[in-house]
>>> print(open('run.cif').read())   # mmCIF, C-alpha atoms
data_input
#
loop_
_atom_site.label_atom_id
_atom_site.label_comp_id
_atom_site.auth_asym_id
_atom_site.auth_seq_id
_atom_site.Cartn_x
_atom_site.Cartn_y
_atom_site.Cartn_z
CA MET A 219 -10.85 10.63 19.92
CA GLN A 220 -13.55 12.33 17.81
CA ALA A 221 -10.92 13.98 15.63
CA LEU A 222 -9.31 10.59 15.02
CA ASP A 223 -12.63 9.04 14.10
CA ASP A 224 -13.17 11.85 11.60
CA ALA A 225 -9.72 11.20 10.10
CA ALA A 226 -10.19 7.42 9.92
CA ALA A 227 -10.27 7.38 6.11
CA HIS A 228 -6.76 8.81 5.92
CA PHE A 229 -5.13 5.92 7.77
CA SER A 230 -3.89 2.64 6.33
CA TYR A 231 -5.07 -0.39 8.31
CA ILE A 232 -2.63 -3.27 8.73
CA CYS A 233 -2.45 -6.37 10.91
CA PRO A 234 0.98 -7.95 11.57
CA ILE A 235 1.59 -11.61 10.77
CA GLY A 236 5.31 -11.91 11.31
CA TYR A 237 8.61 -12.99 9.81
CA SER A 238 8.74 -16.51 8.39
CA ASN A 239 10.07 -18.83 5.70
CA SER A 240 7.91 -19.66 2.72
CA SER A 241 7.51 -23.44 2.48
CA ASP A 242 7.98 -23.39 -1.28
CA CYS A 243 10.11 -20.95 -3.26
CA GLY A 244 8.35 -21.55 -6.57
CA TYR A 245 11.36 -20.29 -8.56
CA CYS A 246 14.12 -22.79 -7.81
CA ARG A 247 12.20 -25.30 -5.61
CA ARG A 248 15.48 -26.41 -4.03
CA SER A 249 18.71 -24.67 -3.12
CA ARG A 250 22.01 -25.37 -4.83
CA SER A 251 23.06 -27.56 -1.90
CA GLY A 252 20.03 -29.77 -2.46
CA GLN A 253 18.41 -28.75 0.81
CA SER A 254 14.97 -27.23 1.06
CA SER A 255 14.97 -23.75 -0.42
CA LYS A 256 14.52 -20.76 1.85
CA ARG A 257 12.68 -17.54 1.11
CA TYR A 258 12.20 -15.46 4.23
CA SER A 259 9.84 -12.50 4.26
CA TYR A 260 7.99 -10.30 6.70
CA TYR A 261 4.21 -10.60 6.25
CA ALA A 262 1.18 -8.49 7.15
CA VAL A 263 -2.46 -8.31 6.11
CA ALA A 264 -3.92 -5.03 4.90
CA THR A 265 -7.54 -4.11 5.46
CA SER A 266 -7.29 -0.74 3.73
CA LEU A 267 -4.38 1.21 2.24
CA THR A 268 -4.16 4.71 0.84
CA PRO A 269 -2.39 4.89 -2.53
CA ASP A 270 0.22 7.25 -1.04
CA PHE A 271 1.04 4.79 1.71
CA TYR A 272 1.34 1.81 -0.63
CA GLN A 273 3.59 3.89 -2.89
CA ALA A 274 5.86 4.38 0.12
CA LEU A 275 5.78 0.63 0.83
CA ILE A 276 6.78 -0.51 -2.66
CA ASP A 277 9.62 2.01 -2.50
CA ARG A 278 10.80 0.00 0.52
CA CYS A 279 10.84 -3.46 -1.09
CA TRP A 280 7.21 -4.39 -0.29
CA ARG A 281 4.66 -5.98 -2.64
CA ARG A 282 1.15 -7.31 -2.26
CA SER A 283 -0.63 -10.51 -3.26
CA GLY A 284 -4.31 -9.79 -2.84
CA THR A 285 -4.54 -8.31 0.65
CA LEU A 286 -1.34 -10.00 1.83
CA LEU A 287 1.65 -7.67 2.11
CA TYR A 288 5.19 -9.00 2.19
CA ARG A 289 8.74 -7.70 2.32
CA PRO A 290 11.38 -10.27 1.30
CA ASN A 291 14.73 -10.62 3.03
CA GLN A 292 17.14 -10.50 0.10
CA ARG A 293 20.03 -11.54 2.33
CA ASN A 294 18.41 -14.78 3.44
CA SER A 295 16.92 -16.12 0.24
CA CYS A 296 17.73 -18.75 -2.37
CA CYS A 297 16.25 -16.37 -4.96
CA PRO A 298 16.62 -12.74 -3.78
CA HIS A 299 13.76 -10.46 -4.89
CA TYR A 300 14.69 -6.95 -6.04
CA THR A 301 12.28 -4.13 -6.91
CA LEU A 302 12.57 -2.62 -10.41
CA ARG A 303 11.14 0.48 -11.99
CA LEU A 304 11.36 2.01 -15.45
CA ASP A 305 11.27 5.70 -16.42
CA SER A 306 8.59 5.92 -19.11
CA THR A 307 9.78 9.39 -20.20
CA ALA A 308 13.18 7.95 -21.16
CA PHE A 309 11.99 4.62 -22.58
CA LYS A 310 13.08 3.63 -26.09
CA ALA A 311 11.56 0.51 -27.62
CA THR A 312 13.97 -2.09 -29.00
CA LYS A 313 13.68 -3.41 -32.54
CA ASP A 314 12.06 -6.59 -31.26
CA GLN A 315 9.51 -4.60 -29.24
CA ARG A 316 8.70 -2.33 -32.18
CA GLN A 317 8.19 -5.35 -34.41
CA ALA A 318 5.80 -6.93 -31.90
CA VAL A 319 3.65 -3.78 -31.83
CA ASN A 320 3.65 -3.39 -35.61
CA ARG A 321 2.84 -7.06 -36.19
CA PHE A 322 -0.17 -6.96 -33.87
CA ASN A 323 -1.36 -3.64 -35.31
CA LYS A 324 -1.27 -5.05 -38.85
CA HIS A 325 -3.25 -8.09 -37.71
CA VAL A 326 -5.98 -5.93 -36.16
CA ILE A 327 -6.16 -3.30 -38.90
CA GLY A 328 -5.73 -5.61 -41.89
CA GLU A 329 -4.25 -4.89 -45.30
CA SER A 330 -7.57 -3.83 -46.81
CA TYR A 331 -8.14 -1.14 -44.17
CA ALA A 332 -4.56 0.13 -44.43
CA ARG A 333 -4.81 0.42 -48.20
CA GLU A 334 -8.25 2.10 -48.23
CA ALA A 335 -7.45 4.42 -45.32
CA ALA A 336 -4.31 5.61 -47.13
CA ARG A 337 -6.43 6.35 -50.22
CA LEU A 338 -9.33 8.04 -48.40
CA HIS A 339 -7.26 9.83 -45.76
CA PRO A 340 -3.78 10.27 -47.23
CA PRO A 341 -1.13 11.30 -44.68
CA THR A 342 1.02 14.36 -45.30
CA ARG A 343 4.61 13.99 -46.42
CA GLU A 344 5.74 15.14 -42.98
CA GLN A 345 3.58 12.50 -41.29
CA VAL A 346 5.04 9.78 -43.50
CA ARG A 347 8.59 10.96 -42.83
CA LYS A 348 7.99 11.05 -39.08
CA ARG A 349 6.42 7.59 -39.03
CA ASN A 350 9.29 6.09 -40.99
CA ASN A 351 11.95 7.63 -38.76
CA GLU A 352 10.39 7.68 -35.30
CA PHE A 353 8.63 5.13 -33.12
CA ASP A 354 6.23 7.03 -30.88
CA LEU A 355 5.14 4.41 -28.32
CA ALA A 356 2.02 6.26 -27.18
CA GLU A 357 0.91 6.72 -30.79
CA ARG A 358 1.69 3.21 -32.03
CA ILE A 359 0.32 1.35 -29.01
CA HIS A 360 -3.10 3.02 -29.43
CA GLU A 361 -3.12 2.82 -33.23
CA PRO A 362 -5.27 -0.35 -33.62
CA GLU A 363 -7.90 0.61 -31.03
CA ALA A 364 -11.40 0.98 -32.46
CA PRO A 365 -11.91 4.58 -31.21
CA MET A 366 -8.66 5.65 -32.92
CA LEU A 367 -9.58 4.30 -36.39
CA LYS A 368 -11.54 6.06 -39.11
CA SER A 369 -15.19 5.09 -39.40
CA THR A 370 -14.56 3.88 -42.94
CA PRO A 371 -13.29 1.49 -44.08
CA LEU A 372 -13.79 -1.23 -41.50
CA PRO A 373 -10.68 -2.86 -39.93
CA ALA A 374 -10.13 -6.60 -40.00
CA HIS A 375 -10.83 -6.82 -36.26
CA GLN A 376 -12.34 -4.70 -33.51
CA PHE A 377 -9.83 -4.10 -30.72
CA THR A 378 -10.53 -2.21 -27.49
CA VAL A 379 -8.66 -1.66 -24.23
CA THR A 380 -10.53 -0.42 -21.17
CA LEU A 381 -9.58 0.28 -17.57
CA GLU A 382 -12.20 -1.44 -15.43
CA PRO A 383 -12.88 -2.10 -11.73
CA ASN A 384 -10.93 -5.02 -10.25
CA THR A 385 -14.10 -7.03 -9.69
CA PHE A 386 -14.73 -10.72 -10.37
CA THR A 387 -16.64 -11.72 -13.49
CA GLU A 388 -17.00 -15.08 -15.19
CA GLU A 389 -15.57 -13.52 -18.35
CA LYS A 390 -12.36 -12.64 -16.50
CA TYR A 391 -12.20 -15.99 -14.75
CA ASP A 392 -12.40 -17.82 -18.10
CA VAL A 393 -9.23 -16.02 -19.23
CA PHE A 394 -7.52 -16.77 -15.91
CA GLU A 395 -8.43 -20.46 -16.06
CA ASN A 396 -7.17 -20.77 -19.62
CA TYR A 397 -3.93 -18.93 -18.86
CA GLN A 398 -3.09 -20.91 -15.73
CA ARG A 399 -3.95 -24.26 -17.34
CA ILE A 400 -2.49 -23.78 -20.83
CA VAL A 401 0.30 -21.24 -20.44
CA HIS A 402 1.39 -21.94 -16.85
CA LYS A 403 0.69 -25.69 -17.10
CA GLU A 404 -1.09 -25.64 -13.74
CA ALA A 405 -3.18 -28.64 -12.75
CA PRO A 406 -6.92 -27.95 -13.27
CA GLU A 407 -7.76 -28.95 -9.69
CA LYS A 408 -5.49 -26.15 -8.42
CA ILE A 409 -7.35 -23.47 -10.39
CA SER A 410 -10.42 -22.01 -8.71
CA ARG A 411 -12.70 -19.01 -8.73
CA GLY A 412 -11.82 -18.39 -5.09
CA GLY A 413 -8.12 -18.32 -5.91
CA PHE A 414 -8.68 -15.86 -8.74
CA GLN A 415 -10.81 -13.68 -6.47
CA ARG A 416 -8.24 -13.65 -3.65
CA PHE A 417 -5.18 -13.23 -5.85
CA LEU A 418 -6.27 -10.81 -8.57
CA CYS A 419 -9.57 -9.22 -7.55
CA SER A 420 -9.13 -8.53 -3.82
CA SER A 421 -7.15 -5.40 -3.06
CA PRO A 422 -6.84 -3.20 0.03
CA LEU A 423 -6.15 -0.09 -2.06
CA LYS A 424 -8.61 2.77 -1.81
CA HIS A 425 -9.80 4.38 -5.04
CA GLU A 426 -9.09 8.06 -5.50
CA THR A 427 -9.04 10.62 -8.30
CA VAL A 428 -6.32 13.25 -8.06
CA THR A 429 -4.93 16.02 -10.23
CA GLY A 430 -1.21 15.83 -10.80
CA PRO A 431 1.26 18.72 -11.07
CA ASP A 432 0.93 18.46 -14.85
CA GLY A 433 -2.79 19.20 -14.54
CA LYS A 434 -3.79 15.67 -15.60
CA GLU A 435 -6.51 13.89 -13.66
CA ARG A 436 -5.32 10.49 -12.50
CA GLN A 437 -7.15 7.50 -11.14
CA LEU A 438 -5.53 5.76 -8.19
CA GLY A 439 -6.29 2.28 -6.87
CA SER A 440 -6.43 -1.27 -8.25
CA PHE A 441 -7.81 -1.89 -11.73
CA HIS A 442 -8.12 -4.49 -14.48
CA GLN A 443 -6.94 -3.31 -17.88
CA CYS A 444 -9.09 -5.42 -20.20
CA TYR A 445 -8.15 -6.24 -23.80
CA ARG A 446 -10.96 -7.34 -26.13
CA LEU A 447 -10.63 -8.61 -29.67
CA ASP A 448 -13.86 -8.78 -31.66
CA GLY A 449 -15.78 -8.46 -28.42
CA LYS A 450 -14.00 -11.33 -26.66
CA LEU A 451 -11.87 -10.71 -23.59
CA VAL A 452 -8.39 -11.99 -24.50
CA ALA A 453 -6.06 -10.43 -21.89
CA ILE A 454 -6.09 -8.68 -18.52
CA GLY A 455 -3.44 -6.49 -16.95
CA VAL A 456 -3.94 -6.34 -13.17
CA LEU A 457 -2.62 -2.93 -12.14
CA ASP A 458 -2.13 -0.77 -9.08
CA LEU A 459 -2.23 2.89 -10.11
CA LEU A 460 -0.30 4.90 -7.53
CA PRO A 461 0.69 8.57 -7.20
CA HIS A 462 4.02 8.06 -8.98
CA CYS A 463 3.73 4.80 -10.87
CA VAL A 464 1.84 2.13 -12.72
CA SER A 465 2.59 -1.01 -10.70
CA ALA A 466 2.09 -4.28 -12.58
CA VAL A 467 0.56 -6.97 -10.38
CA TYR A 468 -0.08 -9.70 -12.96
CA PHE A 469 -0.70 -10.12 -16.67
CA LEU A 470 -2.74 -12.97 -18.12
CA TYR A 471 -4.01 -13.78 -21.57
CA HIS A 472 -5.96 -16.35 -23.57
CA GLU A 473 -3.95 -18.93 -25.49
CA SER A 474 -5.56 -17.80 -28.76
CA ILE A 475 -3.33 -14.69 -28.91
CA HIS A 476 -0.11 -16.37 -27.76
CA SER A 477 1.58 -15.91 -31.15
CA PHE A 478 1.37 -12.10 -30.83
CA SER A 479 3.71 -11.87 -27.80
CA PRO A 480 0.95 -10.61 -25.49
CA GLY A 481 3.24 -10.30 -22.46
CA LYS A 482 5.50 -7.96 -24.37
CA LEU A 483 2.54 -5.95 -25.71
CA GLY A 484 1.04 -5.72 -22.23
CA ALA A 485 4.27 -4.36 -20.76
CA LEU A 486 4.54 -1.76 -23.54
CA ARG A 487 0.95 -0.68 -23.04
CA GLU A 488 1.53 -0.29 -19.28
CA ILE A 489 4.61 1.82 -19.99
CA ALA A 490 2.49 3.94 -22.34
CA LEU A 491 -0.12 4.31 -19.57
CA ALA A 492 2.59 5.53 -17.18
CA LEU A 493 3.63 8.07 -19.81
CA ASP A 494 0.16 9.16 -20.98
CA GLY A 495 -1.34 9.26 -17.51
CA GLY A 496 1.46 11.25 -15.91
CA TYR A 497 2.44 8.45 -13.51
CA ARG A 498 5.95 8.38 -15.07
CA TRP A 499 7.30 5.17 -13.53
CA TRP A 500 6.42 1.60 -14.45
CA TYR A 501 7.08 -0.99 -11.74
CA SER A 502 7.31 -4.46 -13.26
CA GLY A 503 7.32 -6.25 -9.90
CA PHE A 504 10.14 -8.19 -8.32
CA TYR A 505 13.19 -9.17 -10.33
CA ILE A 506 15.02 -12.42 -9.56
CA HIS A 507 18.35 -12.46 -11.34
CA ASN A 508 18.86 -16.23 -11.23
CA CYS A 509 15.40 -16.93 -12.67
CA ASP A 510 15.35 -17.18 -16.47
CA LYS A 511 11.64 -16.32 -16.58
CA MET A 512 12.48 -12.89 -15.17
CA LYS A 513 15.11 -12.01 -17.77
CA TYR A 514 12.55 -10.35 -20.04
CA LYS A 515 12.18 -7.49 -17.58
CA ILE A 516 15.63 -6.11 -18.28
CA ASP A 517 14.81 -5.99 -22.01
CA PHE A 518 12.85 -2.83 -21.13
CA SER A 519 15.12 0.06 -20.29
CA PRO A 520 16.20 2.23 -18.59
CA GLN A 521 15.50 0.11 -15.50
CA TYR A 522 16.41 1.10 -11.97
CA VAL A 523 16.88 -1.33 -9.09
CA LEU A 524 16.04 -0.53 -5.48
CA ASP A 525 19.01 -0.96 -3.14
CA PRO A 526 17.68 -3.09 -0.24
CA GLU A 527 20.02 -1.41 2.27
CA ALA A 528 20.04 2.26 1.26
CA LEU A 529 16.49 2.11 -0.18
CA LYS A 530 17.73 4.27 -3.05
CA TRP A 531 17.42 3.65 -6.78
CA ASP A 532 20.38 2.70 -8.98
CA LEU A 533 20.54 2.31 -12.74
CA LEU A 534 20.52 -1.36 -13.65
CA ASP A 535 23.31 -1.06 -16.22
CA LYS A 536 25.86 -3.58 -17.47
CA GLU A 537 28.15 -3.01 -14.50
CA ALA A 538 25.30 -3.61 -12.05
CA LEU A 539 24.22 -6.76 -13.90
CA ARG A 540 27.80 -8.03 -13.77
CA LEU A 541 27.66 -7.81 -9.96
CA PHE A 542 24.36 -9.70 -9.93
CA ASP A 543 26.02 -12.38 -12.04
CA GLN A 544 28.85 -12.72 -9.51
CA LYS A 545 27.03 -12.53 -6.17
CA PRO A 546 23.87 -14.06 -4.70
CA TYR A 547 23.10 -10.85 -2.77
CA VAL A 548 23.83 -7.34 -4.07
CA SER A 549 23.62 -3.92 -2.46
CA LEU A 550 25.05 -1.37 -4.88
CA SER A 551 25.49 1.22 -2.12
CA ARG A 552 27.55 -1.32 -0.19
CA GLU A 553 29.58 -2.09 -3.33
CA ARG A 554 30.35 1.60 -3.79
CA GLN A 555 31.64 1.73 -0.24
CA GLY A 556 33.88 -1.24 -0.99
CA ILE A 557 32.30 -3.49 1.64
CA SER A 558 32.62 -7.14 0.72
CA GLY A 559 29.96 -9.80 0.78
CA GLU A 560 31.87 -11.57 3.54
CA LEU A 561 31.28 -8.60 5.81
CA VAL A 562 27.58 -8.81 5.01
CA LYS A 563 27.57 -12.40 6.31
CA GLU A 564 29.57 -11.38 9.36
CA SER A 565 27.14 -8.55 10.08
CA ALA A 566 24.17 -10.92 9.98
CA SER A 567 26.01 -13.37 12.24
CA GLU A 568 26.79 -10.60 14.71
CA ILE A 569 23.11 -9.73 14.92
CA LYS A 570 22.32 -13.30 16.04
CA ALA A 571 25.36 -13.59 18.31
CA GLY A 572 24.53 -10.35 20.06
CA ARG A 573 20.93 -11.13 20.91
CA GLN A 574 21.78 -11.98 24.51
CA ASP A 575 23.37 -8.55 25.01
CA SER A 576 20.49 -6.64 23.46
CA ALA A 577 17.85 -8.61 25.36
CA SER A 578 19.57 -9.75 28.53
CA ASP A 579 16.34 -9.83 30.48
CA ALA A 580 14.40 -11.69 27.79
CA ASP A 581 13.81 -15.41 27.59
CA ASP A 582 16.29 -17.39 25.52
CA LEU A 583 15.09 -18.19 22.03
CA ASP A 584 15.14 -21.68 20.59
CA ASP A 585 16.35 -22.19 17.01
CA GLY A 586 12.87 -21.94 15.49
CA GLU A 587 12.07 -18.73 17.33
CA ASP A 588 15.42 -17.23 16.42
CA GLU A 589 14.75 -17.82 12.72
CA SER A 590 11.32 -16.23 13.05
CA PHE A 591 12.39 -13.08 14.89
CA LEU A 592 12.79 -10.20 12.45
CA PHE A 593 15.40 -8.44 14.58
CA HIS A 594 17.69 -11.49 14.38
CA SER A 595 17.21 -11.94 10.62
CA GLY A 596 19.77 -9.52 9.19
CA MET A 597 17.08 -8.16 6.85
CA PRO A 598 18.58 -5.17 5.02
CA GLY A 599 17.08 -1.70 5.20
CA ILE A 600 15.32 -1.96 8.58
CA PRO A 601 16.21 -0.55 12.02
CA SER A 602 18.08 -2.78 14.44
CA LEU A 603 16.61 -3.97 17.72
CA GLU A 604 18.66 -1.34 19.55
CA GLN A 605 17.37 1.41 17.25
CA MET A 606 13.78 0.27 17.65
CA GLU A 607 14.12 0.37 21.44
CA GLU A 608 14.64 4.12 21.04
CA VAL A 609 11.45 4.54 18.96
CA ASP A 610 8.43 5.84 20.85
CA MET A 611 5.51 3.65 19.83
CA ASP A 612 3.23 4.67 22.71
CA GLY A 613 1.03 6.81 20.48
CA LEU A 614 0.62 4.22 17.75
CA LEU A 615 -3.07 3.80 16.92
CA LEU A 616 -4.82 0.43 17.21
CA ARG A 617 -8.26 -0.99 16.51
CA SER A 618 -9.77 -4.08 18.09
CA ASP A 619 -13.07 -5.94 18.17
CA TYR A 620 -13.14 -5.17 21.89
CA ALA A 621 -13.11 -1.37 21.51
CA ASP A 622 -15.58 0.89 19.72
CA SER A 623 -12.96 3.37 18.56
CA PHE A 624 -9.24 3.97 18.18
CA PHE A 625 -6.96 3.58 21.16
CA SER A 626 -3.23 4.07 21.69
CA ALA A 627 -0.69 1.30 22.16
CA SER A 628 0.08 2.73 25.59
CA ASP A 629 -3.53 1.96 26.61
CA LEU A 630 -2.81 -1.75 26.43
CA VAL A 631 -2.54 -3.34 29.84
CA VAL A 632 0.60 -5.29 28.89
CA TRP A 633 2.33 -2.45 27.06
CA GLU A 634 4.59 -1.17 29.83
CA ALA A 635 5.43 -4.65 31.10
CA GLU A 636 6.57 -6.04 27.75
CA ARG A 637 9.79 -5.40 25.86
CA ILE A 638 10.22 -5.58 22.11
CA SER A 639 13.16 -7.97 22.63
CA GLN A 640 10.73 -10.55 24.05
CA TYR A 641 9.93 -12.63 20.99
CA GLY A 642 6.24 -13.42 20.53
CA THR A 643 4.86 -10.72 22.80
CA LEU A 644 2.34 -8.25 21.44
CA LYS A 645 4.83 -5.42 21.76
CA SER A 646 7.50 -7.30 19.81
CA ARG A 647 4.99 -8.18 17.07
CA ILE A 648 4.03 -4.54 16.66
CA ALA A 649 7.67 -3.43 16.75
CA GLU A 650 8.58 -5.89 14.00
CA MET A 651 5.88 -4.46 11.77
CA VAL A 652 6.91 -0.87 12.49
CA ALA A 653 10.52 -1.74 11.68
CA ALA A 654 9.59 -3.47 8.41
CA ILE A 655 7.39 -0.54 7.34
CA GLY A 656 9.63 2.21 8.72
CA PRO A 657 9.16 4.17 11.96
CA ASP A 658 8.71 7.39 9.96
CA LEU A 659 5.42 5.99 8.57
CA MET A 660 3.89 5.19 11.97
CA GLY A 661 1.65 8.24 11.82
CA ALA A 662 -0.02 6.94 8.67
CA ILE A 663 -1.05 3.52 9.98
CA CYS A 664 -3.52 1.94 12.34
CA VAL A 665 -2.67 -1.53 13.63
CA ASP A 666 -5.90 -3.34 12.90
CA PHE A 667 -6.61 -6.45 15.00
CA ARG A 668 -10.31 -6.53 14.13
CA LYS A 669 -11.35 -9.92 12.77
CA ARG A 670 -14.61 -8.67 11.32
CA SER A 671 -12.80 -6.15 9.12
CA ARG A 672 -10.90 -8.96 7.39
CA SER A 673 -13.78 -11.41 7.00
#
>>> encode(input="run.cif", output="structure tokens")
Amino acid sequence: MQALDDAAAHFSYICPIGYSNSSDCGYCRRSRSGQSSKRYSYYAVATSLTPDFYQALIDRCWRRSGTLLYRPNQRNSCCPHYTLRLDSTAFKATKDQRQAVNRFNKHVIGESYAREAARLHPPTREQVRKRNNEFDLAERIHEPEAPMLKSTPLPAHQFTVTLEPNTFTEEKYDVFENYQRIVHKEAPEKISRGGFQRFLCSSPLKHETVTGPDGKERQLGSFHQCYRLDGKLVAIGVLDLLPHCVSAVYFLYHESIHSFSPGKLGALREIALALDGGYRWWYSGFYIHNCDKMKYKIDFSPQYVLDPEALKWDLLDKEALRLFDQKPYVSLSRERQGISGELVKESASEIKAGRQDSASDADDLDDGEDESFLFHSGMPGIPSLEQMEEVDMDGLLLRSDYADSFFSASDLVVWEAERISQYGTLKSRIAEMVAAIGPDLMGAICVDFRKRSRS
């Protein structure tokens, strides 16, 4: 095991929680039938993740909230969550987006600076022509930053944007408290430093510095992109920088800059970071088609949506959006094959109806257990129970408070006696997690049951 101990830093450490229904959707609150809304997901807790591994997870419908990882079941949800990404190299800002950037830039720079700078440092005719005819996002988004301006004259305001560690500070918390209370209308008693720390400062991602194929050095890990106006922190973009994307976790701002469309400016700056930094893709988080608050995401294009069944990317064009308008659950690969939504329902029903055949020697499940067993959920894009029974998990690595080093799943006393079809057993819990992550990624993980590592 010495070689494994030496390679410990290369593993991602995850502890399974299980498949369950969220008690509160948060988007619709109640279903159309008036019954309690349902939002089923598979959950796990991450102690430590490599950026490469988390990139693979978000390309399989996963997201994180602090150290909590979750993969929604789009088939069994009142508000299906779909993963989006945007190609920064093909992005073209809309008129509205260009106006938002120009309006904020003029506020920061001021008329006096613009007039004096044009007199002291007159642009060439070619520069004027290019500026009037082209909107270069990377150029315009950085235009008002203090380091980009001439030393004389002085601008109306000092504006800086810095990429900082995702650590807690009172300065950051003040922005969070103001944003949640004023913008999100959250009750003051529900806003806390502990909540901010857990939600937006805690991250299992390891920090790395790598050199991309373009020769650019890239930082990987979780960061806070901090916006300061005249020395005051006014906005924070919580970001995961991954090998192939800038993944937006959350964006928050102080009410004092609300009139400048800070959410729009933050998204444009993150797209510019994906372009400038060589990450290419910008992941805006989950998209919920029936949630009006999410509509802004499709104003940035070209957007691609992750097919929950094929786990492939499709252009989110007008035809795709028409299907989302018509159906509560959409798999574009399934649509191309001409398979109807009714067959999707039948397939999920067959999974439940066939549980006795696939686990004839297992105990019967009651209704609550059946709803909480991933292999009876019909979740798209994961192996079936029958397929998982063919997967060799004996060599899967584990850590425990009761062992000083790594050990294999096959070393567990109960391993050979248990079956993955036996809901609630250790073997079934591990199999659920492997299925939700993908059996091909087993070699990159360590199932971490250590309590001290998560304290």
>>> residues_around(input="run.cif", residues="region 257-274 of chain A", least_positions_apart="4", cutoff="6 Å", atoms="all atoms listed in the file", output="ChimeraX atom specification")
/A:230-240,285-291,295,422-424,460
>>> atom_distance(input="run.cif", atom1="CA of Glu382 (chain A)", atom2="CA of Phe417 (chain A)")
16.7 Å
>>> residues_near_point(input="run.cif", point="(-9.6, -3.2, -20.3)", cutoff="7 Å", atoms="all atoms listed in the file", output="number ranges by chain")
A: 379-382, 442-445, 454
>>> residues_near_point(input="run.cif", point="(10.4, 7.2, 14.5)", cutoff="6 Å", atoms="all atoms listed in the file", output="list in words")
Val609, Pro657 and Asp658 of chain A
>>> residues_around(input="run.cif", residues="Ala635 (chain A)", least_positions_apart="4", cutoff="10 Å", atoms="all atoms listed in the file", output="compact mmCIF listing (two decimals) with C-alpha atoms, in the frame of the given file")
# COMPACT_ATOMS: atom_id res chain seq x y z
CA LEU A 630 -2.81 -1.75 26.43
CA VAL A 631 -2.54 -3.34 29.84
CA LYS A 645 4.83 -5.42 21.76
>>> residues_around(input="run.cif", residues="Lys368 (chain A)", least_positions_apart="6", cutoff="10 Å", atoms="all atoms listed in the file", output="ChimeraX atom specification")
/A:331,335,338-339
>>> closest_residue(input="run.cif", among="A:Gly656, A:Gly599, A:Gly433, A:Pro365", to="Pro526 (chain A)", atoms="only C-alpha atoms")
A:Gly599
>>> atom_distance(input="run.cif", atom1="CA of Arg358 (chain A)", atom2="CA of Ile327 (chain A)")
12.3 Å
>>> atom_distance(input="run.cif", atom1="CA of Thr370 (chain A)", atom2="CA of Ala336 (chain A)")
11.2 Å
>>> resolve_selection(input="run.cif", expression="the PyMOL selection byres ((chain A and resi 533-550) around 8)", output="list of chain:residue names")
A:Gln292, A:Arg293, A:Cys297, A:Pro298, A:His507, A:Pro520, A:Gln521, A:Tyr522, A:Val523, A:Asp525, A:Pro526, A:Glu527, A:Trp531, A:Asp532, A:Ser551, A:Arg552, A:Glu553, A:Arg554, A:Gly559
>>> closest_residue(input="run.cif", among="A:Gly413, A:Pro340, A:Gly439, A:Gly484", to="Gly455 (chain A)", atoms="only C-alpha atoms")
A:Gly484
>>> closest_residue(input="run.cif", among="A:Val665, A:Met366, A:Leu483, A:Cys296", to="Asn508 (chain A)", atoms="only C-alpha atoms")
A:Cys296
>>> resolve_selection(input="run.cif", expression="the PyMOL selection byres ((chain A and resi 465-473) around 6)", output="list in words")
Val393, Tyr397, Val452, Ala453, Ile454, Gly455, Val456, Leu457, Asp458, Cys463, Val464, Ser474, Ile475, His476, Trp500, Tyr501 and Ser502 of chain A
>>> residues_around(input="run.cif", residues="Arg416 (chain A)", least_positions_apart="3", cutoff="9 Å", atoms="only C-alpha atoms", output="PyMOL selection string")
chain A and resi 283-285+411-413+419-421
>>> resolve_selection(input="run.cif", expression="the PyMOL selection byres ((chain A and resi 653) around 12)", output="ChimeraX atom specification")
/A:234,236-237,260,278,289,591-593,597-609,611,638,646-652,654-660
>>> write_last_selection(input="run.cif", atoms="C-alpha atoms", output="CSV table (one decimal), in the frame of the given file")
chain,number,residue,atom,x,y,z
A,234,PRO,CA,1.0,-8.0,11.6
A,236,GLY,CA,5.3,-11.9,11.3
A,237,TYR,CA,8.6,-13.0,9.8
A,260,TYR,CA,8.0,-10.3,6.7
A,278,ARG,CA,10.8,0.0,0.5
A,289,ARG,CA,8.7,-7.7,2.3
A,591,PHE,CA,12.4,-13.1,14.9
A,592,LEU,CA,12.8,-10.2,12.4
A,593,PHE,CA,15.4,-8.4,14.6
A,597,MET,CA,17.1,-8.2,6.8
A,598,PRO,CA,18.6,-5.2,5.0
A,599,GLY,CA,17.1,-1.7,5.2
A,600,ILE,CA,15.3,-2.0,8.6
A,601,PRO,CA,16.2,-0.6,12.0
A,602,SER,CA,18.1,-2.8,14.4
A,603,LEU,CA,16.6,-4.0,17.7
A,604,GLU,CA,18.7,-1.3,19.6
A,605,GLN,CA,17.4,1.4,17.2
A,606,MET,CA,13.8,0.3,17.6
A,607,GLU,CA,14.1,0.4,21.4
A,608,GLU,CA,14.6,4.1,21.0
A,609,VAL,CA,11.4,4.5,19.0
A,611,MET,CA,5.5,3.6,19.8
A,638,ILE,CA,10.2,-5.6,22.1
A,646,SER,CA,7.5,-7.3,19.8
A,647,ARG,CA,5.0,-8.2,17.1
A,648,ILE,CA,4.0,-4.5,16.7
A,649,ALA,CA,7.7,-3.4,16.8
A,650,GLU,CA,8.6,-5.9,14.0
A,651,MET,CA,5.9,-4.5,11.8
A,652,VAL,CA,6.9,-0.9,12.5
A,654,ALA,CA,9.6,-3.5,8.4
A,655,ILE,CA,7.4,-0.5,7.3
A,656,GLY,CA,9.6,2.2,8.7
A,657,PRO,CA,9.2,4.2,12.0
A,658,ASP,CA,8.7,7.4,10.0
A,659,LEU,CA,5.4,6.0,8.6
A,660,MET,CA,3.9,5.2,12.0
